[in-house]
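Peer 1: Just dropping this structure here.
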Amino acid sequence: MEGFIHQVISGIATGGIYASVALALVMIYQATHHVNFAQGEMATFSTYITLTLINIGLPYWVAFLGAVAISFVIGVAIERLLMRPVANAPVLTSVGVFVGLLLIVNSVTGWMFDYTIKQFPSPFSGKPMLGGFLSGHELGSTGVTLAVLISVYLFFKHTRLGLAMRAAAFNPVSSRLVGVRVGWMLALGWGLAAAIGSVAGCMVAPIVFLDPNMMSGILLYAFAGALLGGIDSPLGAVLGGFMVGVIENLGGAYVVGTELKLTLALIIIISVLTLKPSGLMGRKVYSRV
Amino acid sequence: MTALLDVKGLHAAYGETKVLHGLDFAVQQGGVTALLGANGAGKTTTLRAICGMVRTQGAIVLGGKHIEGMATEDIVRLGVAHVPDGRGTFMELTVEENMRLGAYTRPAREATADFDRMFGYFPRLKERFRQQAGTLSGGEQQMLAISRALLLRPKLLLLDEPSFGLAPLIVKEIFGIMRRIKDEEGVSILLVEQNATIALAFADHAYLLETGRIVISGPASDISKDESIRRSYLGY
Amino acid sequence: MRASWLIAILVLIAAIWPVATFSGYHLFQLTMVVVYAIAILGLAILTGINGQISLGHGAFYAIGAYTTAILMASWDVPYWVTLPVSAVVCAGVGFLVGLPALRLGGLYLALTTFALAVAIPQVLKHKAFETWTGGVQGLVIDKPEAPFDLPLTSDQWLYLFSLFVGVIMYALAVNLTQGRIGRAMRAVRDHAVAAEAMGINLAMLKTRTFAVSAMYTGVAGSLGAIAVAFVAPDSFSVFLSITFFVGLVAGGAASIGGTIIGAIFIEFVPNLADKVSKAAPGAVYGVILIVMMFLMPKGAGGFVADMWRKLVKAGGR
Ligand SMILES: Nc1ncnc2c1ncn2[C@@H]1O[C@H](COP(=O)(O)OP(=O)(O)OP(=O)(O)O)[C@@H](O)[C@H]1O
Ligand SMILES: [Mg+2]
């Protein structure tokens, strides 16, 4: 029983990471109906930026926030330069550009920071907490993730800019008619998604270590989370992310074994698409055949 | 009276399909101008052209400033509010959020005060304030759309078939309120309507559009009196 | 029509000629070009002609490769017998994998297949199948020798054998895509709603196309395993799937002939780029993808075809 509770709690801790990345994916999906296959690689790159800033002597949290800011700017720039021209292109074109972006970010990361696996510091103590159920890092990173998710929620729900971003995602034509600069809202969405990814990367790196392919598995869990919750529902994506974290941990411990955890993500994806394609909280998915 | 909006030689096209072929018309300061015509005549396109939502040629002058070729967002910020075809409701958002978006270009504090004025025109919106806009009835959505447009504090209000799909009683109610709005808000209106009777009663000047050309223009009262126009163009 | 037959024959002659002149390693590279061309052909049928996107065809390549390797290593099945077996296996797996995503938009299929590609090495490594798959170590298989005492080296024979299989696969593909079924596939890609109204069963056509596509790439995997004489999970990472996708786009998604250009591209460009730096191949792929998407949405094959058409037109005047 104790082992079970331990698995659930630590599943929630990793689930927070998946939830963040899933949220980043869904934010872009809602606004553009594109899935950013490069989201994971962008987060990895951001994590390297954090490490670089730490290595030049900045305190952890300064480096952390600096990387978040830089990631935001990079996200905005990518949208304006790369994504704008293909905004209305067919799916094949946009998937091509996203995969191209994935490859480029991955290569740039490898080229700038080399391919060796690196340790990444945690700002939290490594001691077990909560009666040994969680390490200090797991507890701290869950706290950070929750803080991010709640801030994002408050931003979208209670600020003018957040409202305008949501409006631009739902109904770009009407948004223009009330004076919302829709193009910039999309760019801000990309910036925000990149910033959230940056946080997720920094929180997961101390556990899985840092290398250029660090996020590829995590991206898969985030996909699974986003689909499980409903790919057009931010709240659903967050919930789905946490659920996938727990499912992954329990499944890894009791069902399929840790070697098949990624396959578990695949199974979740296929099951959701087969049984309830709209996810738990999404709107009905219409076949766009 | 001076013209708030002055349009000269307006052409518009969707891709290869030309829809407007050189329109000249004006909206007077503080006046109501009606744009009438059959389905597909190009009324909606004319409104879209003014807002920079389609490709155009020709001059569109708002208060002495050329606005052709400007981005929709910028035209809107010059004080042009557009209640589009189909009302343009943000279905997923609440009534309150829809109204906040209407006032998006203005300081938040001013907006909240304006909300009460809108509730004065449309008390129903106050009752529905926290409700999801997609659940409103057609008439309520039209009220919301007009409020959203007014919250911009526009100089020029473009209305695309406000009577569309509404019961006659509701149409009457809305046009009654529109009269009040015109006087109290000091806004000039360009009204597109299928329902010529109601439009001509409200407008002081009218244009008749046929397949992208203006075929008749004149004071609304003259047009509504003219037997032959009525029979051949307005069909009643 | 006659021109394209002429081109096909010229290509074939050009393809046989290296047997006599090329050294072992270069011949091996050409064998891999044929293998990749078949793999990309599978993708072209799916994506180019039918409009469905797969980012996970590396998985079918892996399944084909492992089917062949297991049959050869565990049961001593002759290499050429494994090809039809692996075709059937991959078609079946393709059918099952595609089924849930196909009814939804193209993006969902891209997502699912991407997930499949990321997950497949883990499955191949798993202990439960270790007796057959050889786990992380993989399997070594024998390189086939030329039959009937033909005076050919193993490399030469392998190249000719692959070429033979390739010609059959291409002939079948041309036949398939230029006939009634091909028209239906294109109709579904271009005007799904109209196609359905014309009585085409969308789900059926799409799942079957997916199965055929997986079969092609699976057979390529089998040939690849025979050529390399070795399979291991890490050769079939998600990067392989992305490589096929790059090859498809580079060759022009909807062009059958372009798949050969795509295959040449993915066989030789990484080798060249690798000399610059380890990061270069990925970067080159990424840049190529984005540039192709921006400049020539029809890809190199489509580009060449367009040029050809323009030339013919100019000549006719
Ligand atoms: N997005 C579009 N793309 C192509 N053609 C269009 C588009 N919108 C309108 N049209 C065409 O332009 C012409 C004018 O349309 P418009 O909507 O302006 O007419 P309307 O006078 O508003 O008609 P209604 O009274 O039915 O609303 C029509 O022939 C229509 O088919
Ligand atoms: Mg209209």
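Going through the structure tokens in order, the chains are called A, B, and so on, while each chain numbers its residues from 1 and the ligands are numbered from 1 in the order shown.
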Compile the contact shell of Ser107 (chain A) as a list in words: residues with an atom at most 7 Å away, counting only C-alpha atoms, same-chain residues fewer than 6 positions apart removed.

Peer 2: Ala279, Ala280, Gly282 and Ala283 of chain C

Peer 1: What are the DSSP alpha helix (DSSP H) residues of region 87-168 of chain B, as a PDB file with N, CA and C atoms, in the first residue's frame?

Peer 2:
```pdb
ATOM      1  N   VAL B  95     -20.883  36.486 -21.694  1.00  0.00           N
ATOM      2  CA  VAL B  95     -21.398  37.784 -22.127  1.00  0.00           C
ATOM      3  C   VAL B  95     -20.463  38.887 -21.641  1.00  0.00           C
ATOM      4  N   GLU B  96     -20.055  38.780 -20.382  1.00  0.00           N
ATOM      5  CA  GLU B  96     -19.156  39.789 -19.831  1.00  0.00           C
ATOM      6  C   GLU B  96     -17.873  39.879 -20.650  1.00  0.00           C
ATOM      7  N   GLU B  97     -17.294  38.716 -20.958  1.00  0.00           N
ATOM      8  CA  GLU B  97     -16.032  38.731 -21.709  1.00  0.00           C
ATOM      9  C   GLU B  97     -16.219  39.297 -23.104  1.00  0.00           C
ATOM     10  N   ASN B  98     -17.358  38.981 -23.719  1.00  0.00           N
ATOM     11  CA  ASN B  98     -17.668  39.571 -25.020  1.00  0.00           C
ATOM     12  C   ASN B  98     -17.691  41.088 -24.923  1.00  0.00           C
ATOM     13  N   MET B  99     -18.298  41.589 -23.847  1.00  0.00           N
ATOM     14  CA  MET B  99     -18.400  43.040 -23.704  1.00  0.00           C
ATOM     15  C   MET B  99     -17.029  43.645 -23.399  1.00  0.00           C
ATOM     16  N   ARG B 100     -16.252  42.950 -22.574  1.00  0.00           N
ATOM     17  CA  ARG B 100     -14.900  43.456 -22.304  1.00  0.00           C
ATOM     18  C   ARG B 100     -14.090  43.554 -23.594  1.00  0.00           C
ATOM     19  N   LEU B 101     -14.282  42.564 -24.462  1.00  0.00           N
ATOM     20  CA  LEU B 101     -13.561  42.603 -25.738  1.00  0.00           C
ATOM     21  C   LEU B 101     -14.008  43.786 -26.585  1.00  0.00           C
ATOM     22  N   GLY B 102     -15.306  44.103 -26.506  1.00  0.00           N
ATOM     23  CA  GLY B 102     -15.795  45.266 -27.236  1.00  0.00           C
ATOM     24  C   GLY B 102     -15.034  46.518 -26.839  1.00  0.00           C
ATOM     25  N   ALA B 108      -9.706  50.194 -19.099  1.00  0.00           N
ATOM     26  CA  ALA B 108     -10.663  49.305 -18.446  1.00  0.00           C
ATOM     27  C   ALA B 108     -11.684  50.082 -17.603  1.00  0.00           C
ATOM     28  N   ARG B 109     -11.244  51.152 -16.970  1.00  0.00           N
ATOM     29  CA  ARG B 109     -12.148  51.832 -16.041  1.00  0.00           C
ATOM     30  C   ARG B 109     -13.326  52.465 -16.800  1.00  0.00           C
ATOM     31  N   GLU B 110     -13.029  53.122 -17.893  1.00  0.00           N
ATOM     32  CA  GLU B 110     -14.095  53.708 -18.712  1.00  0.00           C
ATOM     33  C   GLU B 110     -15.100  52.647 -19.136  1.00  0.00           C
ATOM     34  N   ALA B 111     -14.574  51.477 -19.485  1.00  0.00           N
ATOM     35  CA  ALA B 111     -15.419  50.421 -20.027  1.00  0.00           C
ATOM     36  C   ALA B 111     -16.484  50.011 -19.023  1.00  0.00           C
ATOM     37  N   THR B 112     -16.063  49.827 -17.784  1.00  0.00           N
ATOM     38  CA  THR B 112     -17.018  49.349 -16.782  1.00  0.00           C
ATOM     39  C   THR B 112     -18.190  50.315 -16.655  1.00  0.00           C
ATOM     40  N   ALA B 113     -17.905  51.604 -16.726  1.00  0.00           N
ATOM     41  CA  ALA B 113     -18.990  52.591 -16.656  1.00  0.00           C
ATOM     42  C   ALA B 113     -19.922  52.443 -17.856  1.00  0.00           C
ATOM     43  N   ASP B 114     -19.324  52.182 -19.013  1.00  0.00           N
ATOM     44  CA  ASP B 114     -20.134  52.039 -20.227  1.00  0.00           C
ATOM     45  C   ASP B 114     -21.047  50.817 -20.170  1.00  0.00           C
ATOM     46  N   PHE B 115     -20.603  49.786 -19.438  1.00  0.00           N
ATOM     47  CA  PHE B 115     -21.435  48.586 -19.338  1.00  0.00           C
ATOM     48  C   PHE B 115     -22.842  48.973 -18.873  1.00  0.00           C
ATOM     49  N   ASP B 116     -22.909  49.864 -17.869  1.00  0.00           N
ATOM     50  CA  ASP B 116     -24.221  50.232 -17.323  1.00  0.00           C
ATOM     51  C   ASP B 116     -25.085  50.904 -18.375  1.00  0.00           C
ATOM     52  N   ARG B 117     -24.444  51.707 -19.242  1.00  0.00           N
ATOM     53  CA  ARG B 117     -25.219  52.343 -20.298  1.00  0.00           C
ATOM     54  C   ARG B 117     -25.797  51.288 -21.235  1.00  0.00           C
ATOM     55  N   MET B 118     -25.006  50.261 -21.516  1.00  0.00           N
ATOM     56  CA  MET B 118     -25.489  49.189 -22.391  1.00  0.00           C
ATOM     57  C   MET B 118     -26.653  48.455 -21.738  1.00  0.00           C
ATOM     58  N   PHE B 119     -26.545  48.235 -20.411  1.00  0.00           N
ATOM     59  CA  PHE B 119     -27.646  47.573 -19.708  1.00  0.00           C
ATOM     60  C   PHE B 119     -28.899  48.437 -19.769  1.00  0.00           C
ATOM     61  N   GLY B 120     -28.705  49.776 -19.854  1.00  0.00           N
ATOM     62  CA  GLY B 120     -29.851  50.683 -20.020  1.00  0.00           C
ATOM     63  C   GLY B 120     -30.583  50.400 -21.322  1.00  0.00           C
ATOM     64  N   TYR B 121     -29.808  50.167 -22.400  1.00  0.00           N
ATOM     65  CA  TYR B 121     -30.446  49.835 -23.675  1.00  0.00           C
ATOM     66  C   TYR B 121     -30.993  48.410 -23.662  1.00  0.00           C
ATOM     67  N   PRO B 123     -31.495  45.596 -21.054  1.00  0.00           N
ATOM     68  CA  PRO B 123     -31.461  45.060 -19.686  1.00  0.00           C
ATOM     69  C   PRO B 123     -31.222  43.549 -19.671  1.00  0.00           C
ATOM     70  N   ARG B 124     -31.652  42.891 -20.734  1.00  0.00           N
ATOM     71  CA  ARG B 124     -31.508  41.431 -20.803  1.00  0.00           C
ATOM     72  C   ARG B 124     -30.045  41.006 -20.632  1.00  0.00           C
ATOM     73  N   LEU B 125     -29.131  41.828 -21.152  1.00  0.00           N
ATOM     74  CA  LEU B 125     -27.716  41.456 -21.087  1.00  0.00           C
ATOM     75  C   LEU B 125     -27.231  41.413 -19.647  1.00  0.00           C
ATOM     76  N   LYS B 126     -27.815  42.241 -18.810  1.00  0.00           N
ATOM     77  CA  LYS B 126     -27.389  42.253 -17.411  1.00  0.00           C
ATOM     78  C   LYS B 126     -27.743  40.928 -16.743  1.00  0.00           C
ATOM     79  N   GLU B 127     -28.942  40.435 -17.081  1.00  0.00           N
ATOM     80  CA  GLU B 127     -29.346  39.146 -16.499  1.00  0.00           C
ATOM     81  C   GLU B 127     -28.461  38.004 -16.985  1.00  0.00           C
ATOM     82  N   GLY B 138     -31.050  34.184 -30.405  1.00  0.00           N
ATOM     83  CA  GLY B 138     -30.620  35.018 -31.531  1.00  0.00           C
ATOM     84  C   GLY B 138     -30.770  36.504 -31.247  1.00  0.00           C
ATOM     85  N   GLY B 139     -31.915  36.879 -30.685  1.00  0.00           N
ATOM     86  CA  GLY B 139     -32.157  38.287 -30.382  1.00  0.00           C
ATOM     87  C   GLY B 139     -31.166  38.806 -29.360  1.00  0.00           C
ATOM     88  N   GLU B 140     -30.911  37.993 -28.346  1.00  0.00           N
ATOM     89  CA  GLU B 140     -29.955  38.398 -27.304  1.00  0.00           C
ATOM     90  C   GLU B 140     -28.552  38.538 -27.876  1.00  0.00           C
ATOM     91  N   GLN B 141     -28.206  37.631 -28.795  1.00  0.00           N
ATOM     92  CA  GLN B 141     -26.883  37.741 -29.420  1.00  0.00           C
ATOM     93  C   GLN B 141     -26.768  39.011 -30.243  1.00  0.00           C
ATOM     94  N   GLN B 142     -27.879  39.403 -30.896  1.00  0.00           N
ATOM     95  CA  GLN B 142     -27.844  40.644 -31.658  1.00  0.00           C
ATOM     96  C   GLN B 142     -27.645  41.846 -30.726  1.00  0.00           C
ATOM     97  N   MET B 143     -28.318  41.795 -29.585  1.00  0.00           N
ATOM     98  CA  MET B 143     -28.142  42.870 -28.598  1.00  0.00           C
ATOM     99  C   MET B 143     -26.699  42.914 -28.121  1.00  0.00           C
ATOM    100  N   LEU B 144     -26.164  41.734 -27.864  1.00  0.00           N
ATOM    101  CA  LEU B 144     -24.777  41.661 -27.409  1.00  0.00           C
ATOM    102  C   LEU B 144     -23.838  42.207 -28.486  1.00  0.00           C
ATOM    103  N   ALA B 145     -24.124  41.861 -29.746  1.00  0.00           N
ATOM    104  CA  ALA B 145     -23.254  42.306 -30.829  1.00  0.00           C
ATOM    105  C   ALA B 145     -23.278  43.833 -30.948  1.00  0.00           C
ATOM    106  N   ILE B 146     -24.465  44.406 -30.813  1.00  0.00           N
ATOM    107  CA  ILE B 146     -24.563  45.871 -30.901  1.00  0.00           C
ATOM    108  C   ILE B 146     -23.834  46.516 -29.724  1.00  0.00           C
ATOM    109  N   SER B 147     -24.022  45.949 -28.531  1.00  0.00           N
ATOM    110  CA  SER B 147     -23.319  46.490 -27.363  1.00  0.00           C
ATOM    111  C   SER B 147     -21.818  46.390 -27.546  1.00  0.00           C
ATOM    112  N   ARG B 148     -21.374  45.241 -28.025  1.00  0.00           N
ATOM    113  CA  ARG B 148     -19.937  45.036 -28.210  1.00  0.00           C
ATOM    114  C   ARG B 148     -19.390  46.108 -29.156  1.00  0.00           C
ATOM    115  N   ALA B 149     -20.157  46.399 -30.190  1.00  0.00           N
ATOM    116  CA  ALA B 149     -19.706  47.405 -31.145  1.00  0.00           C
ATOM    117  C   ALA B 149     -19.706  48.800 -30.513  1.00  0.00           C
ATOM    118  N   LEU B 150     -20.750  49.110 -29.727  1.00  0.00           N
ATOM    119  CA  LEU B 150     -20.835  50.451 -29.140  1.00  0.00           C
ATOM    120  C   LEU B 150     -19.756  50.682 -28.091  1.00  0.00           C
ATOM    121  N   PRO B 168     -40.474  39.320 -35.816  1.00  0.00           N
ATOM    122  CA  PRO B 168     -40.820  40.719 -36.083  1.00  0.00           C
ATOM    123  C   PRO B 168     -40.870  41.584 -34.821  1.00  0.00           C
TER     124      PRO B 168
END
```

Peer 1: Return as a ChimeraX atom specification every polymer residue, whether protein, DNA or RNA, with at least one atom no more than 12 Å from an atom of ligand 2; count only C-alpha atoms and all ligand atoms.

Peer 2: /B:35-48,83-87,159-164,191-194,209

Peer 1: Which chain C residues are at most 9 Å from chain A (counting only C-alpha atoms), as a ChimeraX atom specification?

Peer 2: /C:47,51-53,97,99-108,110-112,114-116,118-120,122-123,125-127,188-189,192-193,202,242,245-246,249,277-294,297

Peer 1: Could you write out that same residue set with C-alpha atoms as a PDB file, in the first residue's frame?

Peer 2:
```pdb
ATOM      1  CA  THR C  47       1.126  10.882 -47.970  1.00  0.00           C
ATOM      2  CA  GLY C  51      -2.883  12.814 -48.331  1.00  0.00           C
ATOM      3  CA  GLN C  52      -2.346  11.030 -45.010  1.00  0.00           C
ATOM      4  CA  ILE C  53       0.714  11.997 -43.004  1.00  0.00           C
ATOM      5  CA  VAL C  97      -2.210   1.079 -36.151  1.00  0.00           C
ATOM      6  CA  LEU C  99      -7.398   2.260 -37.854  1.00  0.00           C
ATOM      7  CA  PRO C 100      -8.120   4.519 -34.861  1.00  0.00           C
ATOM      8  CA  ALA C 101      -6.495   7.667 -36.210  1.00  0.00           C
ATOM      9  CA  LEU C 102      -7.696   7.467 -39.771  1.00  0.00           C
ATOM     10  CA  ARG C 103     -11.213   8.607 -39.156  1.00  0.00           C
ATOM     11  CA  LEU C 104      -9.873  11.783 -37.576  1.00  0.00           C
ATOM     12  CA  GLY C 105      -7.957  14.622 -39.162  1.00  0.00           C
ATOM     13  CA  GLY C 106      -4.516  14.215 -40.683  1.00  0.00           C
ATOM     14  CA  LEU C 107      -2.857  15.694 -37.648  1.00  0.00           C
ATOM     15  CA  TYR C 108      -4.004  12.865 -35.395  1.00  0.00           C
ATOM     16  CA  ALA C 110       0.784  12.277 -37.656  1.00  0.00           C
ATOM     17  CA  LEU C 111       0.679  12.299 -33.857  1.00  0.00           C
ATOM     18  CA  THR C 112      -0.082   8.604 -33.501  1.00  0.00           C
ATOM     19  CA  PHE C 114       5.083   9.824 -34.342  1.00  0.00           C
ATOM     20  CA  ALA C 115       4.303   8.163 -31.009  1.00  0.00           C
ATOM     21  CA  LEU C 116       4.704   4.758 -32.616  1.00  0.00           C
ATOM     22  CA  VAL C 118       9.288   6.973 -30.558  1.00  0.00           C
ATOM     23  CA  ALA C 119       8.031   3.862 -28.781  1.00  0.00           C
ATOM     24  CA  ILE C 120       9.176   1.118 -31.165  1.00  0.00           C
ATOM     25  CA  GLN C 122      11.635   0.140 -26.487  1.00  0.00           C
ATOM     26  CA  VAL C 123       9.392  -2.661 -27.637  1.00  0.00           C
ATOM     27  CA  LYS C 125      14.496  -4.106 -26.645  1.00  0.00           C
ATOM     28  CA  HIS C 126      11.994  -5.612 -24.269  1.00  0.00           C
ATOM     29  CA  LYS C 127      12.951  -8.719 -22.318  1.00  0.00           C
ATOM     30  CA  VAL C 188      -9.896  11.413 -51.218  1.00  0.00           C
ATOM     31  CA  ARG C 189      -6.812  13.595 -50.801  1.00  0.00           C
ATOM     32  CA  ALA C 192     -12.778  14.106 -49.430  1.00  0.00           C
ATOM     33  CA  VAL C 193     -16.403  15.155 -49.233  1.00  0.00           C
ATOM     34  CA  LEU C 202     -13.353   6.810 -47.133  1.00  0.00           C
ATOM     35  CA  ILE C 242      11.916  11.516 -39.773  1.00  0.00           C
ATOM     36  CA  PHE C 245       9.725  11.911 -44.145  1.00  0.00           C
ATOM     37  CA  VAL C 246      12.582  14.179 -45.232  1.00  0.00           C
ATOM     38  CA  VAL C 249       9.487  15.802 -49.038  1.00  0.00           C
ATOM     39  CA  SER C 277      29.904  18.069 -37.731  1.00  0.00           C
ATOM     40  CA  LYS C 278      27.724  15.635 -35.888  1.00  0.00           C
ATOM     41  CA  ALA C 279      24.947  18.186 -35.793  1.00  0.00           C
ATOM     42  CA  ALA C 280      25.081  18.912 -39.510  1.00  0.00           C
ATOM     43  CA  PRO C 281      22.885  16.121 -40.950  1.00  0.00           C
ATOM     44  CA  GLY C 282      19.957  17.047 -38.728  1.00  0.00           C
ATOM     45  CA  ALA C 283      20.416  20.716 -39.479  1.00  0.00           C
ATOM     46  CA  VAL C 284      20.581  20.058 -43.222  1.00  0.00           C
ATOM     47  CA  TYR C 285      17.424  17.947 -43.035  1.00  0.00           C
ATOM     48  CA  GLY C 286      15.636  20.614 -41.046  1.00  0.00           C
ATOM     49  CA  VAL C 287      16.637  23.413 -43.366  1.00  0.00           C
ATOM     50  CA  ILE C 288      15.733  21.342 -46.423  1.00  0.00           C
ATOM     51  CA  LEU C 289      12.309  20.563 -44.976  1.00  0.00           C
ATOM     52  CA  ILE C 290      11.514  24.164 -44.219  1.00  0.00           C
ATOM     53  CA  VAL C 291      12.891  25.485 -47.495  1.00  0.00           C
ATOM     54  CA  MET C 292      10.963  22.871 -49.467  1.00  0.00           C
ATOM     55  CA  MET C 293       7.778  23.760 -47.624  1.00  0.00           C
ATOM     56  CA  PHE C 294       8.256  27.445 -48.318  1.00  0.00           C
ATOM     57  CA  PRO C 297       5.486  22.558 -51.877  1.00  0.00           C
TER      58      PRO C 297
END
```

Peer 1: So what do you get for CA of His66 (chain B) versus CA of Val187 (chain B), distance-wise?

Peer 2: 19.6 Å

Peer 1: For each of A:Val178, A:Ala77, A:Val8, A:Val148, take the minimum atom-to-atom distance to Ala200 (chain A), counting only C-alpha atoms, then give the residue where this is smallest.

Peer 2: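 Answer, going by the shortest atom-to-atom distance: A:Val148.
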